[in-house]
$ cat final.cif   # mmCIF, C-alpha atoms
data_structure
#
loop_
_atom_site.label_atom_id
_atom_site.label_comp_id
_atom_site.auth_asym_id
_atom_site.auth_seq_id
_atom_site.Cartn_x
_atom_site.Cartn_y
_atom_site.Cartn_z
CA MET T 1 188.18 131.93 77.38
CA PRO T 2 187.35 128.22 77.43
CA LEU T 3 183.74 127.24 76.83
CA THR T 4 181.80 125.53 79.58
CA ALA T 5 180.12 122.20 78.89
CA GLY T 6 176.72 123.96 78.70
CA ALA T 7 178.01 126.57 76.28
CA ARG T 8 179.56 123.90 74.06
CA SER T 9 176.27 122.00 74.02
CA THR T 10 174.37 125.15 73.08
CA LEU T 11 176.86 125.95 70.31
CA VAL T 12 176.54 122.46 68.86
CA LEU T 13 172.76 122.71 68.89
CA PHE T 14 172.76 126.08 67.14
CA VAL T 15 175.15 124.81 64.48
CA THR T 16 172.82 121.85 63.94
CA ALA T 17 169.89 124.26 63.62
CA ALA T 18 171.79 126.31 61.04
CA VAL T 19 172.46 123.19 58.99
CA LEU T 20 168.77 122.29 59.11
CA VAL T 21 167.81 125.77 57.94
CA ALA T 22 170.23 125.51 55.03
CA THR T 23 169.02 122.08 53.96
CA SER T 24 165.32 122.87 54.33
CA ALA T 25 165.30 126.13 52.42
CA PRO T 26 162.93 126.00 49.46
CA ALA T 27 164.13 126.48 45.90
CA CYS T 28 164.80 130.10 44.99
CA HIS T 29 162.08 130.61 42.44
CA ALA T 30 158.44 131.61 42.67
CA ALA T 31 155.77 128.96 42.31
CA LEU T 32 153.78 129.67 39.16
CA ASN T 33 150.02 129.36 38.85
CA ILE T 34 148.94 130.44 35.39
CA THR T 35 145.22 129.85 35.97
CA ALA T 36 145.35 132.06 39.09
CA ILE T 37 147.11 134.78 37.09
CA LEU T 38 144.51 134.63 34.32
CA SER T 39 141.57 134.49 36.73
CA GLY T 40 141.66 138.28 37.05
CA ARG T 41 140.72 138.65 33.38
CA ARG T 42 137.25 137.39 32.49
CA ASP T 43 137.88 137.86 28.77
CA LEU T 44 140.71 135.27 28.98
CA ALA T 45 138.58 132.61 30.72
CA GLU T 46 138.31 130.25 27.72
CA PHE T 47 142.06 130.37 27.11
CA SER T 48 142.65 129.55 30.78
CA ARG T 49 140.17 126.64 30.69
CA GLU T 50 141.83 125.10 27.63
CA LEU T 51 145.30 125.39 29.20
CA ALA T 52 143.99 123.35 32.13
CA ALA T 53 142.06 120.84 30.01
CA THR T 54 145.04 120.07 27.76
CA GLY T 55 147.51 119.80 30.64
CA LEU T 56 149.53 122.82 29.50
CA ALA T 57 148.77 124.71 32.72
CA ASP T 58 150.80 122.16 34.69
CA ASP T 59 153.65 122.35 32.15
CA ILE T 60 153.69 126.15 32.51
CA ASN T 61 153.59 125.98 36.31
CA GLY T 62 156.55 123.61 36.30
CA ARG T 63 158.81 126.11 34.50
CA ASN T 64 161.05 128.78 36.01
CA THR T 65 161.11 131.13 33.01
CA ILE T 66 158.16 131.37 30.64
CA THR T 67 156.09 133.76 28.50
CA VAL T 68 152.43 133.02 27.80
CA LEU T 69 150.71 134.63 24.81
CA ALA T 70 147.08 134.82 25.92
CA VAL T 71 144.11 135.02 23.54
CA ASP T 72 140.76 136.57 24.50
CA ASP T 73 137.46 134.67 24.38
CA ALA T 74 136.29 136.34 21.15
CA HIS T 75 139.32 135.04 19.24
CA MET T 76 139.29 131.65 20.99
CA ALA T 77 135.70 131.00 19.86
CA PRO T 78 136.56 130.08 16.23
CA LEU T 79 139.25 127.67 17.45
CA LYS T 80 136.84 126.09 19.91
CA ALA T 81 134.16 125.76 17.21
CA ARG T 82 136.51 123.69 15.03
CA GLY T 83 136.34 120.82 17.51
CA LEU T 84 140.00 119.89 17.15
CA PRO T 85 141.15 116.66 18.85
CA ARG T 86 142.57 117.28 22.28
CA GLU T 87 146.18 116.54 21.27
CA THR T 88 145.94 118.86 18.24
CA LEU T 89 144.50 121.63 20.42
CA ARG T 90 147.38 121.09 22.84
CA HIS T 91 149.88 121.54 19.99
CA VAL T 92 148.21 124.77 18.86
CA LEU T 93 148.14 126.23 22.36
CA SER T 94 151.75 125.12 22.92
CA LEU T 95 152.76 127.65 20.26
CA HIS T 96 151.51 130.32 22.68
CA VAL T 97 154.02 129.39 25.38
CA LEU T 98 157.54 130.73 24.83
CA VAL T 99 160.32 129.12 26.84
CA ASP T 100 161.99 132.48 27.52
CA TYR T 101 161.02 135.71 29.26
CA TYR T 102 159.64 138.59 27.19
CA ASP T 103 157.91 141.60 28.71
CA ASP T 104 156.78 144.87 27.13
CA ALA T 105 160.22 146.48 27.40
CA LYS T 106 162.08 143.49 25.96
CA LEU T 107 159.67 143.22 23.01
CA HIS T 108 160.61 146.74 21.96
CA ARG T 109 164.36 146.18 22.34
CA LEU T 110 164.89 143.13 20.16
CA PRO T 111 168.47 142.87 18.83
CA GLY T 112 168.23 143.53 15.10
CA GLY T 113 164.49 143.99 15.41
CA SER T 114 163.59 140.28 15.61
CA ALA T 115 164.15 137.07 17.56
CA ASP T 116 163.41 133.38 16.99
CA VAL T 117 162.04 131.81 20.18
CA SER T 118 161.37 128.19 21.06
CA THR T 119 157.92 127.20 22.33
CA LEU T 120 156.53 124.32 24.36
CA PHE T 121 155.42 122.77 21.05
CA GLN T 122 159.05 122.34 20.08
CA ALA T 123 160.05 121.32 23.60
CA SER T 124 157.46 118.53 23.48
CA GLY T 125 159.34 116.81 20.65
CA ASP T 126 156.18 116.69 18.53
CA ALA T 127 157.17 119.58 16.26
CA PRO T 128 159.08 118.55 13.12
CA GLY T 129 162.35 120.39 12.62
CA SER T 130 162.07 124.05 13.61
CA ALA T 131 158.29 124.17 13.23
CA GLY T 132 157.89 124.79 16.95
CA MET T 133 159.72 128.13 16.74
CA VAL T 134 157.98 131.51 16.73
CA LYS T 135 159.56 134.65 15.25
CA ILE T 136 159.04 137.89 17.16
CA ALA T 137 159.46 140.90 14.87
CA GLU T 138 159.07 144.65 15.27
CA ARG T 139 156.86 146.32 12.67
CA ARG T 140 156.42 149.87 11.52
CA GLY T 141 154.63 152.10 14.00
CA GLY T 142 155.98 150.21 17.00
CA GLY T 143 153.87 147.08 16.61
CA VAL T 144 155.26 143.64 17.49
CA ALA T 145 154.27 140.56 15.49
CA PHE T 146 154.42 136.84 16.33
CA VAL T 147 154.77 134.46 13.38
CA PRO T 148 155.11 130.65 13.58
CA GLN T 149 158.33 129.49 11.93
CA ASP T 150 156.70 127.24 9.31
CA ASN T 151 154.47 130.12 8.16
CA ASP T 152 157.24 132.68 7.87
CA GLY T 153 156.77 133.28 4.13
CA ASP T 154 154.57 135.13 1.63
CA ASP T 155 151.38 133.76 3.21
CA ALA T 156 152.46 134.57 6.74
CA GLY T 157 150.06 137.52 6.97
CA SER T 158 147.09 135.23 7.52
CA THR T 159 148.70 133.62 10.58
CA THR T 160 150.50 136.63 12.07
CA VAL T 161 149.21 137.91 15.40
CA PHE T 162 150.19 141.11 17.16
CA TYR T 163 151.06 142.14 20.69
CA VAL T 164 148.11 143.89 22.37
CA ARG T 165 149.05 144.51 25.99
CA SER T 166 150.86 143.13 29.02
CA VAL T 167 148.64 141.15 31.41
CA HIS T 168 151.12 140.13 34.10
CA GLN T 169 154.85 140.40 34.73
CA THR T 170 157.06 138.78 37.34
CA PRO T 171 160.47 139.78 35.95
CA TYR T 172 162.51 136.89 34.55
CA ASN T 173 160.02 134.36 35.94
CA ILE T 174 156.73 134.67 34.07
CA SER T 175 155.23 137.15 31.65
CA VAL T 176 151.68 137.01 30.26
CA LEU T 177 151.10 139.03 27.09
CA GLN T 178 147.78 139.36 25.29
CA VAL T 179 147.94 138.86 21.52
CA SER T 180 145.41 139.67 18.81
CA GLY T 181 144.51 136.12 17.81
CA VAL T 182 145.35 132.44 17.80
CA ILE T 183 148.80 131.43 16.54
CA SER T 184 148.66 128.30 14.44
CA SER T 185 150.66 126.44 11.83
CA PRO T 186 150.35 123.40 9.54
CA ALA T 187 152.68 121.43 11.82
CA ALA T 188 150.64 122.19 14.93
CA GLU T 189 147.38 121.25 13.22
CA ALA T 190 148.74 118.18 11.46
CA PRO T 191 146.73 115.10 12.45
CA ALA T 192 148.38 112.86 14.97
CA ALA T 193 149.45 109.37 13.99
CA ALA T 194 146.43 107.37 12.97
CA ALA T 195 144.90 105.68 15.95
CA ASP T 196 143.43 102.22 15.97
CA PRO T 197 139.82 102.86 14.83
CA SER T 198 138.62 99.97 16.97
CA ARG T 199 139.92 101.61 20.15
CA PRO T 200 138.43 104.80 21.65
CA ASN T 201 140.49 107.90 22.32
CA VAL T 202 140.69 107.63 26.10
CA SER T 203 141.71 111.29 26.64
CA ASP T 204 138.73 112.53 24.65
CA VAL T 205 136.40 110.15 26.48
CA MET T 206 137.64 111.43 29.85
CA SER T 207 137.53 115.10 28.85
CA LYS T 208 133.96 114.90 27.55
CA ASN T 209 132.57 113.01 30.54
CA GLY T 210 133.60 114.93 33.64
CA CYS T 211 137.23 113.75 33.88
CA GLY T 212 138.94 116.58 32.03
CA ARG T 213 141.13 117.51 34.99
CA PHE T 214 142.52 114.00 35.28
CA ALA T 215 143.07 113.85 31.50
CA GLY T 216 145.10 117.03 31.94
CA LEU T 217 147.21 115.40 34.67
CA VAL T 218 147.87 112.42 32.40
CA ALA T 219 149.05 114.70 29.61
CA ALA T 220 151.23 116.86 31.86
CA THR T 221 152.79 114.29 34.20
CA GLY T 222 156.06 112.71 33.10
CA ASP T 223 155.58 109.93 30.56
CA ALA T 224 152.16 108.90 31.92
CA ALA T 225 150.40 109.33 28.58
CA ALA T 226 153.04 107.30 26.72
CA THR T 227 152.93 104.56 29.38
CA PHE T 228 149.16 104.27 29.19
CA GLU T 229 149.27 104.24 25.39
CA LYS T 230 151.94 101.54 25.29
CA GLU T 231 150.04 99.25 27.66
CA ALA T 232 146.80 99.76 25.76
CA ASN T 233 148.49 98.85 22.47
CA ASP T 234 151.03 96.21 23.45
CA GLY T 235 150.27 95.02 26.97
CA GLY T 236 147.06 93.08 26.51
CA GLY T 237 144.74 95.95 27.36
CA VAL T 238 144.26 98.41 30.20
CA THR T 239 141.55 99.52 32.62
CA PHE T 240 141.35 103.18 33.64
CA PHE T 241 139.77 104.45 36.83
CA CYS T 242 139.24 108.16 36.17
CA PRO T 243 138.60 110.46 39.17
CA ALA T 244 135.84 113.00 38.58
CA ASP T 245 136.80 116.66 38.22
CA LYS T 246 135.67 117.59 41.75
CA ALA T 247 137.86 114.85 43.24
CA VAL T 248 140.93 115.97 41.29
CA GLU T 249 140.31 119.61 42.17
CA ALA T 250 140.23 118.77 45.88
CA PHE T 251 143.43 116.70 45.61
CA GLN T 252 145.33 119.17 43.39
CA PRO T 253 147.06 121.17 46.21
CA THR T 254 148.55 117.95 47.62
CA PHE T 255 149.48 116.73 44.14
CA ASN T 256 151.30 119.98 43.35
CA ARG T 257 153.58 119.57 46.38
CA LEU T 258 154.81 116.11 45.42
CA SER T 259 158.05 115.23 43.67
CA ALA T 260 157.92 114.42 39.95
CA ASP T 261 158.29 110.67 40.64
CA ALA T 262 155.49 110.73 43.21
CA ARG T 263 153.17 112.59 40.83
CA LEU T 264 153.80 110.00 38.16
CA ALA T 265 153.12 107.19 40.62
CA VAL T 266 149.76 108.73 41.59
CA VAL T 267 148.65 109.16 37.98
CA LEU T 268 149.78 105.69 36.86
CA TYR T 269 148.05 104.11 39.85
CA HIS T 270 144.75 104.78 38.07
CA GLY T 271 145.64 102.41 35.26
CA ALA T 272 145.22 98.68 35.94
CA LEU T 273 147.09 96.18 33.82
CA GLY T 274 144.69 94.24 31.63
CA HIS T 275 141.15 94.84 30.46
CA TYR T 276 138.49 94.28 33.11
CA SER T 277 134.82 94.44 32.21
CA MET T 278 132.31 95.43 34.88
CA GLN T 279 131.24 91.80 35.10
CA ALA T 280 134.82 90.71 35.77
CA LEU T 281 135.32 93.39 38.43
CA LYS T 282 132.17 92.31 40.25
CA ALA T 283 133.03 88.61 40.05
CA GLY T 284 134.75 88.64 43.44
CA ASP T 285 137.25 90.40 45.68
CA GLN T 286 140.59 90.70 43.91
CA ASP T 287 143.74 92.79 43.69
CA LEU T 288 144.70 94.39 40.39
CA GLY T 289 148.26 95.15 39.36
CA THR T 290 148.68 98.79 38.36
CA MET T 291 151.28 100.69 36.37
CA ALA T 292 152.46 102.69 39.40
CA SER T 293 155.89 102.12 40.88
CA LEU T 294 158.61 103.92 42.81
CA ASP T 295 162.32 103.35 43.45
CA GLY T 296 163.03 102.59 39.82
CA GLY T 297 160.32 99.93 39.65
CA LYS T 298 161.30 98.13 42.89
CA SER T 299 158.05 99.12 44.61
CA ASP T 300 154.92 98.26 42.64
CA PHE T 301 151.41 98.98 43.85
CA ASP T 302 148.22 96.93 43.70
CA LEU T 303 144.63 98.08 43.87
CA ALA T 304 142.01 96.13 45.82
CA VAL T 305 138.56 95.65 44.26
CA ARG T 306 135.64 94.99 46.59
CA ASN T 307 132.05 94.27 45.58
CA VAL T 308 129.59 95.01 48.38
CA ARG T 309 125.90 94.55 47.57
CA ASP T 310 126.60 94.96 43.88
CA LYS T 311 128.36 98.29 44.45
CA LEU T 312 131.96 98.36 43.29
CA THR T 313 134.55 99.91 45.62
CA LEU T 314 138.29 100.39 45.11
CA VAL T 315 140.64 100.38 48.10
CA SER T 316 144.10 101.85 47.59
CA ALA T 317 147.38 100.69 49.13
CA THR T 318 146.93 103.48 51.72
CA HIS T 319 143.33 102.43 52.41
CA ASN T 320 141.60 105.39 50.84
CA VAL T 321 138.36 104.37 49.17
CA ALA T 322 136.83 105.32 45.81
CA ARG T 323 133.50 104.18 44.43
CA VAL T 324 132.93 103.39 40.77
CA THR T 325 130.04 105.61 39.69
CA ARG T 326 129.77 105.07 35.94
CA THR T 327 131.15 103.11 33.00
CA LEU T 328 132.43 105.27 30.14
CA VAL T 329 133.99 102.61 27.90
CA ASP T 330 134.05 98.85 28.01
CA GLU T 331 135.47 97.50 24.78
CA GLU T 332 137.80 94.71 23.72
CA SER T 333 141.08 96.09 25.08
CA VAL T 334 140.12 99.24 27.00
CA ALA T 335 137.75 99.96 29.86
CA VAL T 336 137.23 103.38 31.48
CA TYR T 337 135.30 103.93 34.71
CA ILE T 338 134.56 107.14 36.64
CA ILE T 339 135.39 107.08 40.35
CA ASP T 340 134.59 109.62 43.07
CA ALA T 341 138.04 110.01 44.68
CA VAL T 342 141.71 110.12 43.76
CA LEU T 343 143.47 106.84 44.59
CA VAL T 344 146.66 107.21 46.64
CA PRO T 345 149.24 104.44 46.17
CA CYS T 346 151.71 105.49 48.84
CA ASN T 347 151.91 107.47 52.05
CA LEU T 348 151.69 111.01 50.71
CA THR T 349 150.33 112.95 53.67
CA ALA T 350 149.21 110.27 56.14
CA GLN T 351 145.57 111.23 55.56
CA GLY T 352 144.10 108.50 53.40
CA ALA T 353 140.43 108.99 52.59
CA GLY T 354 139.67 105.67 54.19
CA GLY T 355 140.95 106.90 57.54
CA THR T 356 142.15 103.46 58.66
CA GLU T 357 145.52 102.60 60.10
CA HIS T 358 148.04 101.11 57.74
CA GLY T 359 147.86 97.36 57.78
CA GLU T 360 147.12 94.50 55.48
CA ILE T 361 143.99 94.99 53.42
CA SER T 362 141.47 92.36 54.38
CA SER T 363 140.44 90.24 51.46
CA GLY T 364 138.11 87.42 50.75
CA SER T 365 140.56 86.08 48.16
CA ASP T 366 144.17 85.04 48.27
CA GLY T 367 145.29 88.59 47.48
CA ARG T 368 146.03 87.93 43.82
CA SER T 369 144.07 88.68 40.69
CA ASP T 370 142.69 85.68 38.91
CA GLY T 371 143.28 87.42 35.60
CA LYS T 372 139.64 87.29 34.51
CA ASP T 373 138.78 89.03 31.28
CA GLY T 374 142.30 89.64 30.12
CA GLY T 375 143.67 90.92 33.40
CA GLY T 376 146.78 88.81 33.36
CA GLY T 377 149.28 91.63 33.62
CA HIS T 378 152.02 91.63 36.26
CA GLN T 379 149.66 91.07 39.17
CA THR T 380 151.28 91.14 42.59
CA SER T 381 150.24 90.14 46.07
CA GLY T 382 147.99 92.45 48.01
CA SER T 383 150.37 92.13 50.97
CA ARG T 384 152.40 94.96 49.48
CA ALA T 385 149.64 97.30 50.61
CA SER T 386 150.48 96.53 54.23
CA ALA T 387 153.51 98.84 54.22
CA PRO T 388 152.87 101.81 51.91
CA THR T 389 156.02 103.37 50.51
CA PRO T 390 156.48 107.08 51.31
CA CYS T 391 156.13 109.33 48.28
CA TRP T 392 158.91 111.65 49.39
CA LEU T 393 157.28 114.72 50.82
CA PRO T 394 159.13 117.98 50.20
CA ARG T 395 162.14 117.91 52.51
CA GLU T 396 161.26 121.22 54.18
CA TRP T 397 158.10 119.57 55.62
CA LEU T 398 160.31 117.14 57.50
CA ALA T 399 163.09 119.55 58.42
CA THR T 400 160.94 122.35 59.87
CA PRO T 401 159.63 120.39 62.90
CA ALA T 402 163.16 119.14 63.57
CA LEU T 403 164.45 122.71 63.39
CA LEU T 404 161.88 124.00 65.87
CA PHE T 405 162.60 121.15 68.28
CA THR T 406 166.35 121.78 68.07
CA LEU T 407 165.95 125.51 68.77
CA LEU T 408 163.74 124.82 71.78
CA VAL T 409 166.30 122.38 73.20
CA ALA T 410 169.07 124.88 72.57
CA PHE T 411 167.34 127.69 74.46
CA ALA T 412 166.45 125.32 77.31
CA SER T 413 170.09 124.25 77.59
CA ALA T 414 171.27 127.88 77.58
#
$ encode --input "final.cif" --output "structure tokens"
Amino acid sequence: MPLTAGARSTLVLFVTAAVLVATSAPACHAALNITAILSGRRDLAEFSRELAATGLADDINGRNTITVLAVDDAHMAPLKARGLPRETLRHVLSLHVLVDYYDDAKLHRLPGGSADVSTLFQASGDAPGSAGMVKIAERRGGGVAFVPQDNDGDDAGSTTVFYVRSVHQTPYNISVLQVSGVISSPAAEAPAAAADPSRPNVSDVMSKNGCGRFAGLVAATGDAAATFEKEANDGGGVTFFCPADKAVEAFQPTFNRLSADARLAVVLYHGALGHYSMQALKAGDQDLGTMASLDGGKSDFDLAVRNVRDKLTLVSATHNVARVTRTLVDEESVAVYIIDAVLVPCNLTAQGAGGTEHGEISSGSDGRSDGKDGGGGHQTSGSRASAPTPCWLPREWLATPALLFTLLVAFASA
């Protein structure tokens, strides 16, 4: 029976809707949230806090298959008391994250009674050789031991920890197992490469002064940490604008939904090229070149600095506003300032904190930095801010409204 024109139109519309459904379907794996999982156990609160502070929580949440070996507060206390540098603490805790799935049943069915498992310490590239491996071994009486690879010898007893209980299981996605103590090794605790004694450790400065959440984002987002470090060492200095913990916490749900490239752009946007003292920032309206870019570096983003009645305000490319509330560091090549909002370089959600329509940022200057106080990095014209580049929202956000519209039209036509 031949189809009428109306029936053909309806068929075409339904086929289009089906295509939209197929292309907008989310990835077939559960979104992880390790801090939410651990929140049900008060005795694991310190372990959860350190995962967040070191950026490991974001690394864990970004994985599809993972096992976390959690340590209770009583056994975390000695580690905390040692006051290890943030990067060293990250290495130690990375030994507690296995990049494979092990639950209670699998622990007691190990082929040959043991297994060597890679951890996030090895995956980071910071572990020498096989030092980032952990051996899981069954012991007499049904116990299960975890031993770091570089301590798998006669003195391994002092570093061996044992399986206590299962905390959470989502089969083949994430397993959280409580262990009897902190896993450590000489490789994990080895001091990092000697830093320039004349330059402060920016991550430590942030973490100890109310910017620990942002320091965690820097550590966990792409090559943000390496980019900041390179500019600070080789690029003539850098100026960091560090959002306070409350600001990052409020922005975190939006941040989590962004693509990897967009996340990196947001984090790098808080680093201005060149060292700017407070005096230089207050000298006059100017635009600072930042490290943020998209499209393989084709779209760079500036940051507008405005001094109103001796109060310093930053205006992003999307016109959201952040105020500088405190100076943490102002030395020869590095400056760190606390701000009260996350700066958004591109059109993430069309809800910039400034609430203004997109347009050219008004400026009392010519839109370029004058490079005062060492700020002569790759400064660009503030006119770029007039057309913010989209940060690629998840495609299902865009497809769902189109799908609904198509279905409505289809039913109306029928």
$ atom_distance --input "final.cif" --atom1 "CA of Ile174 (chain T)" --atom2 "CA of Leu56 (chain T)"
14.6 Å
$ residues_around --input "final.cif" --residues "Arg90 (chain T)" --least-positions-apart "2" --cutoff "8 Å" --atoms "only C-alpha atoms" --output "ChimeraX atom specification"
/T:51,54-56,86-88,92-94
$ atom_distance --input "final.cif" --atom1 "CA of Gln169 (chain T)" --atom2 "CA of Asp72 (chain T)"
17.8 Å
$ closest_residue --input "final.cif" --among "T:Phe47, T:Ala260, T:Ala145, T:Arg165" --to "Ala220 (chain T)" --atoms "all atoms listed in the file"
T:Ala260
$ atom_distance --input "final.cif" --atom1 "CA of Pro85 (chain T)" --atom2 "CA of Pro191 (chain T)"
8.6 Å
$ closest_residue --input "final.cif" --among "T:Arg323, T:Glu231, T:Cys211, T:Val344" --to "Val308 (chain T)" --atoms "all atoms listed in the file"
T:Arg323
$ residues_around --input "final.cif" --residues "region 184-188 of chain T" --least-positions-apart "3" --cutoff "12 Å" --atoms "only C-alpha atoms" --output "PDB file with C-alpha atoms, keeping the file's coordinate frame"
ATOM      1  CA  MET T  76     139.290 131.650  20.990  1.00  0.00           C
ATOM      2  CA  LEU T  79     139.250 127.670  17.450  1.00  0.00           C
ATOM      3  CA  LEU T  84     140.000 119.890  17.150  1.00  0.00           C
ATOM      4  CA  PRO T  85     141.150 116.660  18.850  1.00  0.00           C
ATOM      5  CA  ARG T  86     142.570 117.280  22.280  1.00  0.00           C
ATOM      6  CA  GLU T  87     146.180 116.540  21.270  1.00  0.00           C
ATOM      7  CA  THR T  88     145.940 118.860  18.240  1.00  0.00           C
ATOM      8  CA  LEU T  89     144.500 121.630  20.420  1.00  0.00           C
ATOM      9  CA  ARG T  90     147.380 121.090  22.840  1.00  0.00           C
ATOM     10  CA  HIS T  91     149.880 121.540  19.990  1.00  0.00           C
ATOM     11  CA  VAL T  92     148.210 124.770  18.860  1.00  0.00           C
ATOM     12  CA  LEU T  93     148.140 126.230  22.360  1.00  0.00           C
ATOM     13  CA  SER T  94     151.750 125.120  22.920  1.00  0.00           C
ATOM     14  CA  LEU T  95     152.760 127.650  20.260  1.00  0.00           C
ATOM     15  CA  HIS T  96     151.510 130.320  22.680  1.00  0.00           C
ATOM     16  CA  THR T 119     157.920 127.200  22.330  1.00  0.00           C
ATOM     17  CA  LEU T 120     156.530 124.320  24.360  1.00  0.00           C
ATOM     18  CA  PHE T 121     155.420 122.770  21.050  1.00  0.00           C
ATOM     19  CA  GLN T 122     159.050 122.340  20.080  1.00  0.00           C
ATOM     20  CA  SER T 124     157.460 118.530  23.480  1.00  0.00           C
ATOM     21  CA  GLY T 125     159.340 116.810  20.650  1.00  0.00           C
ATOM     22  CA  ASP T 126     156.180 116.690  18.530  1.00  0.00           C
ATOM     23  CA  ALA T 127     157.170 119.580  16.260  1.00  0.00           C
ATOM     24  CA  PRO T 128     159.080 118.550  13.120  1.00  0.00           C
ATOM     25  CA  GLY T 129     162.350 120.390  12.620  1.00  0.00           C
ATOM     26  CA  SER T 130     162.070 124.050  13.610  1.00  0.00           C
ATOM     27  CA  ALA T 131     158.290 124.170  13.230  1.00  0.00           C
ATOM     28  CA  GLY T 132     157.890 124.790  16.950  1.00  0.00           C
ATOM     29  CA  MET T 133     159.720 128.130  16.740  1.00  0.00           C
ATOM     30  CA  VAL T 134     157.980 131.510  16.730  1.00  0.00           C
ATOM     31  CA  PHE T 146     154.420 136.840  16.330  1.00  0.00           C
ATOM     32  CA  VAL T 147     154.770 134.460  13.380  1.00  0.00           C
ATOM     33  CA  PRO T 148     155.110 130.650  13.580  1.00  0.00           C
ATOM     34  CA  GLN T 149     158.330 129.490  11.930  1.00  0.00           C
ATOM     35  CA  ASP T 150     156.700 127.240   9.310  1.00  0.00           C
ATOM     36  CA  ASN T 151     154.470 130.120   8.160  1.00  0.00           C
ATOM     37  CA  ASP T 152     157.240 132.680   7.870  1.00  0.00           C
ATOM     38  CA  GLY T 153     156.770 133.280   4.130  1.00  0.00           C
ATOM     39  CA  ASP T 155     151.380 133.760   3.210  1.00  0.00           C
ATOM     40  CA  ALA T 156     152.460 134.570   6.740  1.00  0.00           C
ATOM     41  CA  GLY T 157     150.060 137.520   6.970  1.00  0.00           C
ATOM     42  CA  SER T 158     147.090 135.230   7.520  1.00  0.00           C
ATOM     43  CA  THR T 159     148.700 133.620  10.580  1.00  0.00           C
ATOM     44  CA  THR T 160     150.500 136.630  12.070  1.00  0.00           C
ATOM     45  CA  VAL T 161     149.210 137.910  15.400  1.00  0.00           C
ATOM     46  CA  GLY T 181     144.510 136.120  17.810  1.00  0.00           C
ATOM     47  CA  PRO T 191     146.730 115.100  12.450  1.00  0.00           C
ATOM     48  CA  ALA T 192     148.380 112.860  14.970  1.00  0.00           C
TER      49      ALA T 192
END
$ residues_around --input "final.cif" --residues "Met206 (chain T)" --least-positions-apart "6" --cutoff "10 Å" --atoms "only C-alpha atoms" --output "ChimeraX atom specification"
/T:212-216,240,242-245,328-329,336-338
$ closest_residue --input "final.cif" --among "T:Leu107, T:Pro78, T:Asn33, T:Ala232" --to "Glu46 (chain T)" --atoms "all atoms listed in the file"
T:Pro78
$ residues_around --input "final.cif" --residues "Ser48 (chain T)" --least-positions-apart "2" --cutoff "8 Å" --atoms "all atoms listed in the file" --output "ChimeraX atom specification"
/T:34-35,38-39,44-46,50-52
